[in-house]
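Peer 1: Contents of structure-v8.cif (mmCIF, C-alpha atoms) are given next:
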```cif
data_final
loop_
_atom_site.label_atom_id
_atom_site.label_comp_id
_atom_site.auth_asym_id
_atom_site.auth_seq_id
_atom_site.Cartn_x
_atom_site.Cartn_y
_atom_site.Cartn_z
CA MET A 1 0.00 0.00 0.00
CA LYS A 2 1.32 3.41 -0.95
CA ASP A 3 0.86 5.05 2.45
CA TRP A 4 2.55 2.26 4.45
CA ASP A 5 5.79 3.25 6.14
CA ALA A 6 7.85 0.06 6.22
CA THR A 7 10.72 1.49 8.26
CA LYS A 8 9.69 -0.54 11.29
CA TYR A 9 7.58 -3.63 11.16
CA LEU A 10 7.15 -7.11 12.57
CA LYS A 11 7.58 -9.97 10.11
CA ILE A 12 5.66 -13.23 10.63
CA CYS A 13 6.39 -16.55 8.89
CA SER A 14 3.36 -18.84 8.75
CA PRO A 15 3.78 -22.23 7.03
CA GLY A 16 1.29 -24.20 5.03
CA ARG A 17 0.64 -27.81 5.86
CA VAL A 18 0.41 -31.11 4.11
CA ASN A 19 -1.48 -34.00 5.65
CA LEU A 20 0.48 -37.21 5.41
CA ILE A 21 -2.49 -39.36 6.46
CA GLY A 22 -5.84 -38.89 8.18
CA GLU A 23 -8.21 -37.20 5.74
CA HIS A 24 -11.74 -36.17 6.77
CA THR A 25 -11.18 -37.60 10.24
CA ASP A 26 -10.64 -34.43 12.28
CA TYR A 27 -14.25 -33.25 12.29
CA SER A 28 -15.26 -36.63 13.69
CA LEU A 29 -12.60 -36.20 16.40
CA GLY A 30 -10.37 -38.92 15.01
CA TYR A 31 -6.65 -39.19 14.29
CA VAL A 32 -4.56 -37.17 11.84
CA MET A 33 -0.86 -36.89 11.00
CA PRO A 34 0.03 -33.65 9.20
CA MET A 35 3.23 -31.65 9.03
CA ALA A 36 3.96 -27.97 8.53
CA ILE A 37 5.83 -27.38 5.25
CA ASP A 38 8.50 -24.95 4.09
CA LEU A 39 6.09 -22.95 1.92
CA HIS A 40 4.98 -19.86 3.76
CA THR A 41 2.63 -16.93 4.09
CA TYR A 42 4.56 -13.84 5.16
CA LEU A 43 3.04 -10.91 6.98
CA GLU A 44 4.93 -7.65 7.47
CA ALA A 45 2.95 -5.19 9.57
CA VAL A 46 3.01 -2.44 12.17
CA LYS A 47 0.44 -1.57 14.82
CA SER A 48 -2.27 0.82 13.67
CA GLU A 49 -5.65 2.18 14.75
CA GLU A 50 -7.47 0.24 12.02
CA VAL A 51 -6.68 -2.76 9.83
CA ILE A 52 -5.13 -1.91 6.46
CA LEU A 53 -3.76 -4.88 4.51
CA TYR A 54 -2.62 -5.60 1.00
CA SER A 55 -2.24 -9.10 -0.46
CA GLU A 56 0.45 -9.23 -3.13
CA SER A 57 -0.66 -12.69 -4.26
CA LEU A 58 -4.25 -11.56 -4.81
CA ARG A 59 -3.29 -8.01 -5.83
CA ASP A 60 -6.01 -6.79 -3.57
CA GLY A 61 -6.18 -4.64 -0.47
CA GLY A 62 -8.76 -3.69 2.09
CA ARG A 63 -9.32 -1.91 5.35
CA PHE A 64 -11.76 -2.03 8.25
CA LYS A 65 -12.17 -0.68 11.74
CA VAL A 66 -11.63 -3.28 14.45
CA ASP A 67 -15.03 -2.52 16.02
CA VAL A 68 -16.91 -2.95 12.72
CA LEU A 69 -16.67 -6.60 11.68
CA GLU A 70 -19.06 -7.39 8.86
CA ARG A 71 -18.60 -10.31 6.49
CA GLU A 72 -17.85 -9.31 2.92
CA ASN A 73 -17.19 -12.72 1.35
CA SER A 74 -13.55 -11.96 0.57
CA TRP A 75 -10.18 -13.02 1.95
CA LEU A 76 -10.48 -10.24 4.54
CA ASP A 77 -13.14 -12.33 6.31
CA TYR A 78 -10.34 -14.62 7.57
CA VAL A 79 -8.70 -11.59 9.15
CA LYS A 80 -11.97 -10.25 10.55
CA GLY A 81 -12.77 -13.69 11.94
CA ILE A 82 -9.65 -13.62 14.12
CA TYR A 83 -10.66 -10.22 15.52
CA TYR A 84 -14.23 -11.45 16.04
CA ILE A 85 -13.19 -14.45 18.15
CA LEU A 86 -10.58 -12.52 20.13
CA GLN A 87 -13.12 -9.84 21.00
CA ARG A 88 -15.71 -12.44 21.93
CA LYS A 89 -13.18 -13.97 24.33
CA GLY A 90 -12.53 -10.59 25.93
CA TYR A 91 -9.19 -9.68 24.35
CA ARG A 92 -8.59 -6.04 23.43
CA VAL A 93 -6.57 -5.69 20.24
CA GLY A 94 -5.85 -2.77 17.96
CA GLY A 95 -5.29 -2.72 14.23
CA MET A 96 -2.40 -3.39 11.88
CA HIS A 97 -1.02 -1.91 8.70
CA GLY A 98 0.93 -4.13 6.38
CA ARG A 99 1.29 -6.49 3.46
CA ILE A 100 0.88 -10.22 2.89
CA TYR A 101 2.94 -12.24 0.44
CA GLY A 102 4.65 -15.61 0.16
CA ASN A 103 5.25 -18.79 -1.81
CA LEU A 104 2.36 -20.85 -0.39
CA PRO A 105 -0.13 -21.36 -3.24
CA ILE A 106 -3.69 -20.22 -2.57
CA GLY A 107 -6.61 -22.62 -2.96
CA SER A 108 -4.47 -25.67 -3.60
CA GLY A 109 -5.33 -27.68 -0.49
CA LEU A 110 -2.25 -26.68 1.52
CA SER A 111 -4.13 -24.60 4.09
CA SER A 112 -3.44 -21.11 2.79
CA SER A 113 -6.47 -19.82 4.72
CA ALA A 114 -5.31 -21.27 8.05
CA SER A 115 -1.79 -20.02 7.32
CA LEU A 116 -3.17 -16.50 6.89
CA GLU A 117 -5.28 -16.77 10.05
CA LEU A 118 -2.29 -17.83 12.14
CA ALA A 119 -0.05 -15.15 10.64
CA ILE A 120 -2.59 -12.53 11.73
CA LEU A 121 -2.98 -14.11 15.16
CA GLU A 122 0.77 -14.42 15.73
CA PHE A 123 1.19 -10.72 14.91
CA LEU A 124 -1.59 -9.73 17.30
CA ASN A 125 -0.30 -12.07 19.99
CA SER A 126 3.18 -10.54 19.77
CA SER A 127 2.20 -6.91 19.22
CA TYR A 128 -0.57 -6.67 21.81
CA ASP A 129 0.90 -9.01 24.46
CA LEU A 130 -2.02 -11.47 24.44
CA ASN A 131 0.09 -14.30 25.93
CA LEU A 132 -1.78 -16.94 23.95
CA LYS A 133 -0.48 -20.50 24.07
CA ARG A 134 -0.05 -22.55 20.90
CA ILE A 135 -3.16 -24.70 21.34
CA GLU A 136 -5.23 -21.62 22.21
CA MET A 137 -4.14 -20.06 18.95
CA ALA A 138 -5.20 -23.12 16.98
CA ILE A 139 -8.62 -23.14 18.64
CA ILE A 140 -9.16 -19.41 18.02
CA ALA A 141 -8.25 -19.77 14.34
CA GLN A 142 -10.59 -22.75 13.91
CA GLU A 143 -13.43 -20.89 15.62
CA ALA A 144 -12.83 -17.88 13.37
CA GLU A 145 -13.25 -20.07 10.31
CA ASN A 146 -16.25 -21.95 11.72
CA GLU A 147 -18.18 -19.05 13.22
CA PHE A 148 -17.27 -16.03 11.12
CA VAL A 149 -16.17 -17.31 7.71
CA GLY A 150 -18.75 -20.11 7.75
CA MET A 151 -16.38 -22.96 6.90
CA PRO A 152 -17.04 -26.03 9.13
CA CYS A 153 -13.41 -27.22 9.17
CA GLY A 154 -11.81 -29.37 11.83
CA ILE A 155 -8.78 -28.27 13.83
CA MET A 156 -6.05 -30.22 12.02
CA ASP A 157 -4.82 -27.40 9.77
CA GLN A 158 -4.52 -24.88 12.57
CA MET A 159 -2.75 -27.32 14.90
CA ALA A 160 -0.26 -28.33 12.21
CA ILE A 161 0.61 -24.68 11.54
CA VAL A 162 1.09 -23.70 15.20
CA LEU A 163 2.89 -26.92 16.25
CA GLY A 164 5.11 -27.49 13.22
CA LYS A 165 8.62 -28.81 13.87
CA GLU A 166 11.52 -29.34 11.50
CA LYS A 167 12.18 -32.99 10.56
CA HIS A 168 8.90 -34.12 12.16
CA GLY A 169 5.29 -34.88 11.42
CA ILE A 170 2.65 -34.53 14.14
CA PHE A 171 0.34 -37.34 15.25
CA ILE A 172 -2.76 -35.64 16.68
CA ASP A 173 -5.78 -36.97 18.54
CA THR A 174 -8.30 -34.31 17.55
CA GLU A 175 -10.70 -35.26 20.33
CA ASN A 176 -8.44 -34.31 23.24
CA LEU A 177 -5.81 -32.34 21.23
CA ARG A 178 -2.99 -34.54 22.51
CA TYR A 179 -0.14 -34.84 20.06
CA GLU A 180 3.28 -36.36 19.57
CA TYR A 181 6.07 -35.58 17.15
CA VAL A 182 7.00 -38.33 14.72
CA PRO A 183 10.44 -38.13 13.05
CA ILE A 184 10.49 -37.84 9.26
CA PRO A 185 13.72 -39.52 8.06
CA PRO A 186 15.87 -37.44 5.68
CA GLU A 187 15.73 -40.13 2.99
CA LEU A 188 11.95 -39.70 2.69
CA GLN A 189 11.37 -37.17 -0.08
CA ILE A 190 7.93 -35.54 -0.28
CA LEU A 191 6.56 -34.15 -3.53
CA ILE A 192 3.37 -32.10 -3.56
CA PHE A 193 1.53 -31.81 -6.86
CA ASP A 194 -0.88 -28.90 -7.21
CA THR A 195 -3.38 -30.06 -9.85
CA GLY A 196 -4.48 -26.52 -10.60
CA VAL A 197 -8.09 -27.55 -9.95
CA ARG A 198 -9.46 -24.87 -7.64
CA ARG A 199 -12.33 -25.43 -5.26
CA SER A 200 -13.92 -23.53 -2.42
CA LEU A 201 -14.52 -25.92 0.45
CA ALA A 202 -17.27 -23.69 1.84
CA THR A 203 -19.37 -24.35 -1.27
CA SER A 204 -18.21 -27.87 -2.09
CA ALA A 205 -19.34 -31.33 -1.09
CA TYR A 206 -17.21 -30.98 2.05
CA LYS A 207 -20.23 -29.82 4.05
CA ASP A 208 -22.24 -32.78 2.80
CA ARG A 209 -19.55 -35.26 3.85
CA ARG A 210 -19.30 -33.68 7.28
CA LYS A 211 -23.06 -33.69 7.78
CA THR A 212 -23.27 -37.37 6.86
CA ILE A 213 -20.56 -38.29 9.36
CA GLU A 214 -22.08 -36.17 12.12
CA ASN A 215 -25.53 -37.69 11.55
CA ALA A 216 -24.06 -41.20 11.67
CA LEU A 217 -22.24 -40.52 14.94
CA LYS A 218 -25.39 -39.01 16.43
CA LYS A 219 -27.40 -42.12 15.53
CA LEU A 220 -24.79 -44.27 17.23
CA GLY A 221 -24.56 -42.00 20.27
CA LYS A 222 -20.83 -41.51 19.79
CA ARG A 223 -18.88 -38.29 20.20
CA SER A 224 -15.82 -39.48 18.32
CA SER A 225 -15.28 -41.86 15.44
CA LYS A 226 -12.57 -43.50 17.58
CA TYR A 227 -15.25 -45.16 19.69
CA VAL A 228 -17.25 -46.75 16.86
CA ASP A 229 -16.95 -50.49 16.35
CA GLU A 230 -17.25 -51.67 12.76
CA LYS A 231 -20.17 -53.92 13.72
CA GLU A 232 -22.17 -50.83 14.69
CA LEU A 233 -22.19 -49.65 11.09
CA GLU A 234 -25.06 -52.08 10.48
CA LYS A 235 -27.34 -49.64 12.35
CA LEU A 236 -26.80 -46.96 9.70
CA ASN A 237 -28.18 -46.40 6.22
CA SER A 238 -26.04 -47.39 3.22
CA MET A 239 -24.48 -43.96 2.64
CA GLU A 240 -23.66 -43.47 6.32
CA ARG A 241 -22.10 -46.96 6.42
CA LYS A 242 -20.00 -46.16 3.37
CA ARG A 243 -18.79 -42.79 4.63
CA LEU A 244 -18.21 -43.66 8.29
CA GLY A 245 -16.67 -47.00 7.31
CA TYR A 246 -14.00 -45.07 5.47
CA VAL A 247 -13.34 -42.90 8.55
CA LEU A 248 -12.88 -45.95 10.79
CA ARG A 249 -10.37 -47.45 8.37
CA GLU A 250 -8.56 -44.11 8.04
CA ASN A 251 -8.22 -43.81 11.81
CA ARG A 252 -6.52 -47.20 11.83
CA ARG A 253 -4.28 -46.19 8.95
CA VAL A 254 -3.08 -43.08 10.81
CA ILE A 255 -1.93 -45.24 13.74
CA GLU A 256 -0.30 -47.74 11.36
CA ALA A 257 1.46 -44.94 9.46
CA ARG A 258 2.76 -43.41 12.68
CA ASP A 259 4.12 -46.78 13.77
CA ALA A 260 5.66 -47.43 10.34
CA LEU A 261 7.54 -44.12 10.55
CA LYS A 262 8.75 -44.89 14.05
CA GLU A 263 9.99 -48.29 12.88
CA GLY A 264 11.58 -46.85 9.73
CA ASP A 265 9.42 -49.06 7.50
CA LEU A 266 8.94 -46.58 4.68
CA GLU A 267 7.71 -49.16 2.16
CA LYS A 268 4.87 -49.99 4.53
CA LEU A 269 4.15 -46.29 4.96
CA GLY A 270 3.92 -45.90 1.19
CA LYS A 271 1.42 -48.74 0.88
CA ILE A 272 -0.73 -47.24 3.65
CA ILE A 273 -0.73 -43.87 1.86
CA THR A 274 -1.78 -45.41 -1.46
CA ASP A 275 -4.50 -47.54 0.16
CA ALA A 276 -5.85 -44.36 1.73
CA HIS A 277 -6.22 -42.73 -1.69
CA LYS A 278 -8.12 -45.70 -3.08
CA ASP A 279 -10.49 -45.57 -0.10
CA LEU A 280 -10.93 -41.80 -0.41
CA ALA A 281 -11.73 -42.15 -4.11
CA SER A 282 -14.03 -45.17 -3.91
CA ASN A 283 -15.84 -44.80 -0.59
CA PHE A 284 -15.56 -41.17 0.46
CA GLU A 285 -15.75 -39.99 -3.15
CA VAL A 286 -13.67 -36.83 -2.82
CA SER A 287 -11.15 -37.49 -5.56
CA CYS A 288 -11.31 -36.42 -9.22
CA GLN A 289 -9.75 -37.58 -12.48
CA GLU A 290 -6.85 -35.16 -12.14
CA LEU A 291 -5.90 -36.43 -8.67
CA ASP A 292 -6.28 -40.06 -9.73
CA PHE A 293 -4.14 -39.41 -12.81
CA PHE A 294 -1.34 -37.98 -10.69
CA VAL A 295 -1.40 -40.84 -8.18
CA SER A 296 -1.18 -43.41 -10.97
CA LEU A 297 1.70 -41.59 -12.69
CA ALA A 298 3.59 -41.08 -9.44
CA ILE A 299 3.48 -44.79 -8.62
CA LYS A 300 4.66 -45.65 -12.14
CA CYS A 301 7.52 -43.20 -11.73
CA GLY A 302 8.78 -44.92 -8.59
CA ALA A 303 6.91 -43.31 -5.71
CA ILE A 304 6.51 -45.67 -2.76
CA GLY A 305 3.08 -44.15 -2.11
CA ALA A 306 0.79 -41.37 -3.30
CA ARG A 307 -2.61 -39.93 -2.49
CA LEU A 308 -4.69 -36.78 -2.52
CA THR A 309 -4.11 -34.48 0.41
CA GLY A 310 -6.49 -31.96 1.91
CA ALA A 311 -10.22 -32.22 1.49
CA GLY A 312 -10.09 -33.30 -2.14
CA PHE A 313 -12.40 -32.18 -4.96
CA GLY A 314 -9.24 -30.85 -6.65
CA GLY A 315 -6.33 -29.17 -4.94
CA SER A 316 -3.16 -31.13 -4.26
CA ALA A 317 -1.78 -34.64 -3.91
CA ILE A 318 1.41 -35.98 -2.37
CA ALA A 319 3.87 -38.65 -3.41
CA LEU A 320 6.59 -40.20 -1.27
CA PHE A 321 9.97 -41.10 -2.79
CA LEU A 322 13.22 -42.62 -1.56
CA ARG A 323 15.26 -40.62 -4.07
CA ASN A 324 15.24 -37.08 -5.40
CA PRO A 325 11.82 -36.75 -7.05
CA ARG A 326 12.60 -33.76 -9.29
CA ASN A 327 12.92 -35.79 -12.49
CA CYS A 328 9.66 -37.54 -11.72
CA GLY A 329 8.02 -34.22 -10.98
CA GLU A 330 9.02 -32.91 -14.40
CA GLU A 331 7.92 -36.10 -16.14
CA ILE A 332 4.55 -36.14 -14.37
CA LEU A 333 4.00 -32.45 -15.11
CA LYS A 334 4.70 -33.02 -18.80
CA GLU A 335 2.23 -35.92 -19.05
CA TYR A 336 -0.36 -34.11 -16.96
CA ARG A 337 -0.29 -31.05 -19.22
CA LYS A 338 -0.90 -33.25 -22.26
CA LYS A 339 -4.20 -34.39 -20.74
CA PHE A 340 -5.40 -31.38 -18.71
CA ILE A 341 -5.38 -27.63 -19.31
CA HIS A 342 -4.97 -26.67 -15.64
CA ASN A 343 -1.97 -24.64 -14.47
CA ALA A 344 -0.37 -27.41 -12.44
CA LYS A 345 2.83 -27.13 -10.41
CA TYR A 346 4.85 -29.33 -8.12
CA TYR A 347 6.84 -28.64 -4.97
CA ILE A 348 9.42 -30.67 -3.08
CA VAL A 349 8.92 -29.89 0.60
CA ARG A 350 10.39 -30.58 3.99
CA PRO A 351 8.85 -30.34 7.48
CA SER A 352 8.92 -26.79 8.81
CA GLU A 353 8.76 -24.95 12.12
CA GLY A 354 5.33 -23.59 12.98
CA VAL A 355 4.11 -19.99 12.77
CA ARG A 356 6.66 -17.65 14.28
CA ARG A 357 8.30 -14.27 14.20
CA CYS A 358 10.83 -14.25 11.34
CA MET A 359 14.33 -13.36 12.34
CA ASP A 360 15.54 -12.30 8.85
#
```
As structure tokens, how would this structure be written, given the file I've shared?

Peer 2:
Amino acid sequence: MKDWDATKYLKICSPGRVNLIGEHTDYSLGYVMPMAIDLHTYLEAVKSEEVILYSESLRDGGRFKVDVLERENSWLDYVKGIYYILQRKGYRVGGMHGRIYGNLPIGSGLSSSASLELAILEFLNSSYDLNLKRIEMAIIAQEAENEFVGMPCGIMDQMAIVLGKEKHGIFIDTENLRYEYVPIPPELQILIFDTGVRRSLATSAYKDRRKTIENALKKLGKRSSKYVDEKELEKLNSMERKRLGYVLRENRRVIEARDALKEGDLEKLGKIITDAHKDLASNFEVSCQELDFFVSLAIKCGAIGARLTGAGFGGSAIALFLRNPRNCGEEILKEYRKKFIHNAKYYIVRPSEGVRRCMD
């Protein structure tokens, strides 16, 4: 923004996340295993009376007074949502004046919205001495998205971004928010493929999937999918059995994947990842031809496992390799562009530290 004096500002680094395993399990209070990645949203800002922000990626700016928080169905709603929840919880925060940029792609299933939310919250926490703990920050960001933006997401994305740790994934029990770090060995190479298929989760079949799972759990009198026995699925209708059956299997896969990583059995991990994609595509029905095409090509190119990551319906997929995957990335991209017109890209990522004040 032209009137922003950048002589003194606070810089925040907020990573994206990729989910290694545990898709569509967090809103049923199941298990997940994501990791923060070294693609980031950056926020450079100073304290101000009102909020004035400019997004370089979107080439769009906006401003609002902190005591006037009305939804406008734009990216600023994620910022307003943080203010809304903080104020509801009794925190007094002023404004900010700054810019947002970074190398984390928007709308590709790598949690760009949660990354933005936590960048804003980390700035406010540091600048206005809120003394928020990491888990509190994750909860506030999730509530902002649920209650203000209107996106009924679980808490996985926010927890991955606040808890990220280099060289580690994070096994999370989303019912009680207990977590443990799981080492990612250096020989495991992770390629993310952005299909270029954009989707807005707030208007997609995501809400339908969540509603089906919630209705099934309510019928069974269970708070969490962790407590459902497979035999109990017989009490549900066919669609509920199909959807919740997937969730039960995915919960088991998360535990198996965690244990495979601990044991260093990367071939087993790869098989678990690929089995998860098949289940997501066949029984949870959140894949698409572009995601399936990538998974098939990645396996042919030597990946030990591949699957969609994020909520699906487009977005990104991951593939795990035991060698440098750059040549495979180029080969897959070439074949993909022959078949689809989308602006696809790939990234080779490593586990990252969580949201923090940048020191550079």

Peer 1: Evaluated on this file, the PyMOL selection byres ((chain A and resi 322) around 12) picks out some residues - which ones are they, written as a ChimeraX atom specification?

Peer 2: /A:185-191,265-267,269-270,301-305,319-321,323-326,328

Peer 1: May I have the residues from that selection written out with C-alpha atoms, as a PDB file, keeping the file's coordinate frame?

Peer 2:
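Full text of part_21.pdb as output:
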```pdb
ATOM      1  CA  PRO A 185      13.720 -39.520   8.060  1.00  0.00           C
ATOM      2  CA  PRO A 186      15.870 -37.440   5.680  1.00  0.00           C
ATOM      3  CA  GLU A 187      15.730 -40.130   2.990  1.00  0.00           C
ATOM      4  CA  LEU A 188      11.950 -39.700   2.690  1.00  0.00           C
ATOM      5  CA  GLN A 189      11.370 -37.170  -0.080  1.00  0.00           C
ATOM      6  CA  ILE A 190       7.930 -35.540  -0.280  1.00  0.00           C
ATOM      7  CA  LEU A 191       6.560 -34.150  -3.530  1.00  0.00           C
ATOM      8  CA  ASP A 265       9.420 -49.060   7.500  1.00  0.00           C
ATOM      9  CA  LEU A 266       8.940 -46.580   4.680  1.00  0.00           C
ATOM     10  CA  GLU A 267       7.710 -49.160   2.160  1.00  0.00           C
ATOM     11  CA  LEU A 269       4.150 -46.290   4.960  1.00  0.00           C
ATOM     12  CA  GLY A 270       3.920 -45.900   1.190  1.00  0.00           C
ATOM     13  CA  CYS A 301       7.520 -43.200 -11.730  1.00  0.00           C
ATOM     14  CA  GLY A 302       8.780 -44.920  -8.590  1.00  0.00           C
ATOM     15  CA  ALA A 303       6.910 -43.310  -5.710  1.00  0.00           C
ATOM     16  CA  ILE A 304       6.510 -45.670  -2.760  1.00  0.00           C
ATOM     17  CA  GLY A 305       3.080 -44.150  -2.110  1.00  0.00           C
ATOM     18  CA  ALA A 319       3.870 -38.650  -3.410  1.00  0.00           C
ATOM     19  CA  LEU A 320       6.590 -40.200  -1.270  1.00  0.00           C
ATOM     20  CA  PHE A 321       9.970 -41.100  -2.790  1.00  0.00           C
ATOM     21  CA  ARG A 323      15.260 -40.620  -4.070  1.00  0.00           C
ATOM     22  CA  ASN A 324      15.240 -37.080  -5.400  1.00  0.00           C
ATOM     23  CA  PRO A 325      11.820 -36.750  -7.050  1.00  0.00           C
ATOM     24  CA  ARG A 326      12.600 -33.760  -9.290  1.00  0.00           C
ATOM     25  CA  CYS A 328       9.660 -37.540 -11.720  1.00  0.00           C
TER      26      CYS A 328
END
```

Peer 1: Measure the distance from CA of Tyr54 in chain A to CA of Val149 in chain A in Å and round it to one decimal.

Peer 2: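 According to the coordinates, CA of Tyr54 in chain A and CA of Val149 in chain A are separated by 19.1 Å.
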
Peer 1: Translate the PyMOL selection byres ((chain A and resi 103) around 7) into a concrete residue list for this structure, as a VMD selection string.

Peer 2: chain A and resid 39 to 41 102 104 to 105

Peer 1: Which residues come within 8 Å of range 13-29 of chain A, counting only C-alpha atoms, excluding same-chain residues fewer than 4 positions away, as a PyMOL selection string?

Peer 2: chain A and resi 33-43+104+110-112+114-116+118-119+153-157+160-161+173-175+210+213-214+223-226+247+250-251+253-254+257+273+276+309-311+318+352-358

Peer 1: Pick out the closest residue to Ser316 in chain A from this set: A:Arg337, A:Glu180, A:Asn237, A:Ser108. Count only C-alpha atoms.

Peer 2: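 Of A:Arg337, A:Glu180, A:Asn237, A:Ser108, the one nearest Ser316 in chain A is A:Ser108, counting only C-alpha atoms.
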
Peer 1: For the atom pair CA of Asp194 in chain A and CA of Val162 in chain A, what is the interatomic distance in Å to one decimal place?

Peer 2: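 Between CA of Asp194 in chain A and CA of Val162 in chain A the gap is 23.1 Å.
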
Peer 1: Which residues match the PyMOL selection byres ((chain A and resi 220) around 12) in the file above, as a PyMOL selection string?

Peer 2: chain A and resi 213-219+221-225+227-237+240-241+244

Peer 1: Include C-alpha atoms and write out the residues we just selected as a compact mmCIF listing (two decimals), in the coordinates of the input.

Peer 2:
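Written file, selection-v8.txt:
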```
# COMPACT_ATOMS: atom_id res chain seq x y z
CA ILE A 213 -20.56 -38.29 9.36
CA GLU A 214 -22.08 -36.17 12.12
CA ASN A 215 -25.53 -37.69 11.55
CA ALA A 216 -24.06 -41.20 11.67
CA LEU A 217 -22.24 -40.52 14.94
CA LYS A 218 -25.39 -39.01 16.43
CA LYS A 219 -27.40 -42.12 15.53
CA GLY A 221 -24.56 -42.00 20.27
CA LYS A 222 -20.83 -41.51 19.79
CA ARG A 223 -18.88 -38.29 20.20
CA SER A 224 -15.82 -39.48 18.32
CA SER A 225 -15.28 -41.86 15.44
CA TYR A 227 -15.25 -45.16 19.69
CA VAL A 228 -17.25 -46.75 16.86
CA ASP A 229 -16.95 -50.49 16.35
CA GLU A 230 -17.25 -51.67 12.76
CA LYS A 231 -20.17 -53.92 13.72
CA GLU A 232 -22.17 -50.83 14.69
CA LEU A 233 -22.19 -49.65 11.09
CA GLU A 234 -25.06 -52.08 10.48
CA LYS A 235 -27.34 -49.64 12.35
CA LEU A 236 -26.80 -46.96 9.70
CA ASN A 237 -28.18 -46.40 6.22
CA GLU A 240 -23.66 -43.47 6.32
CA ARG A 241 -22.10 -46.96 6.42
CA LEU A 244 -18.21 -43.66 8.29
```

Peer 1: Name the residues in contact with Leu121 in chain A at a cut-off of 9 Å, using all atoms listed in the file, excluding same-chain residues fewer than 5 positions from it; report them as a list of chain:residue names.

Peer 2: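 Near Leu121 in chain A, the qualifying residues are A:Val79, A:Ile82, A:Tyr83, A:Leu116, A:Ser126, A:Met137, A:Ile140, A:Ala141.
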
Peer 1: Measuring between only C-alpha atoms, which one of A:Leu10, A:Arg134, A:Leu261, A:Asn146 shows the shortest distance to Gly81 in chain A?

Peer 2: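 Going through A:Leu10, A:Arg134, A:Leu261, A:Asn146 one by one, the smallest distance to Gly81 in chain A is for A:Asn146.
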
Peer 1: So which one's closest to Gly61 in chain A, A:Ile170, A:Ile100, A:Leu333, A:Val286? Using only C-alpha atoms, please.

Peer 2: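 Ranked by minimum distance to Gly61 in chain A, first place goes to A:Ile100.
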
Peer 1: Please indicate the distance in Å from CA of Arg92 in chain A to CA of Arg71 in chain A, rounded to one decimal place.

Peer 2: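 One can read the CA of Arg92 in chain A to CA of Arg71 in chain A distance as 20.1 Å.
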
Peer 1: Could you pull out every residue with an atom within 12 Å of (-14.6, -22.0, 3.6), file coordinates, counting all atoms listed in the file, and send them as a tab-separated table (two decimals) with C-alpha atoms, in the coordinates of the input?

Peer 2:
```
chain	number	residue	atom	x	y	z
A	73	ASN	CA	-17.19	-12.72	1.35
A	74	SER	CA	-13.55	-11.96	0.57
A	75	TRP	CA	-10.18	-13.02	1.95
A	77	ASP	CA	-13.14	-12.33	6.31
A	78	TYR	CA	-10.34	-14.62	7.57
A	81	GLY	CA	-12.77	-13.69	11.94
A	107	GLY	CA	-6.61	-22.62	-2.96
A	109	GLY	CA	-5.33	-27.68	-0.49
A	111	SER	CA	-4.13	-24.60	4.09
A	112	SER	CA	-3.44	-21.11	2.79
A	113	SER	CA	-6.47	-19.82	4.72
A	114	ALA	CA	-5.31	-21.27	8.05
A	142	GLN	CA	-10.59	-22.75	13.91
A	144	ALA	CA	-12.83	-17.88	13.37
A	145	GLU	CA	-13.25	-20.07	10.31
A	146	ASN	CA	-16.25	-21.95	11.72
A	147	GLU	CA	-18.18	-19.05	13.22
A	148	PHE	CA	-17.27	-16.03	11.12
A	149	VAL	CA	-16.17	-17.31	7.71
A	150	GLY	CA	-18.75	-20.11	7.75
A	151	MET	CA	-16.38	-22.96	6.90
A	152	PRO	CA	-17.04	-26.03	9.13
A	153	CYS	CA	-13.41	-27.22	9.17
A	154	GLY	CA	-11.81	-29.37	11.83
A	199	ARG	CA	-12.33	-25.43	-5.26
A	200	SER	CA	-13.92	-23.53	-2.42
A	201	LEU	CA	-14.52	-25.92	0.45
A	202	ALA	CA	-17.27	-23.69	1.84
A	203	THR	CA	-19.37	-24.35	-1.27
A	204	SER	CA	-18.21	-27.87	-2.09
A	205	ALA	CA	-19.34	-31.33	-1.09
A	206	TYR	CA	-17.21	-30.98	2.05
A	207	LYS	CA	-20.23	-29.82	4.05
A	311	ALA	CA	-10.22	-32.22	1.49
```
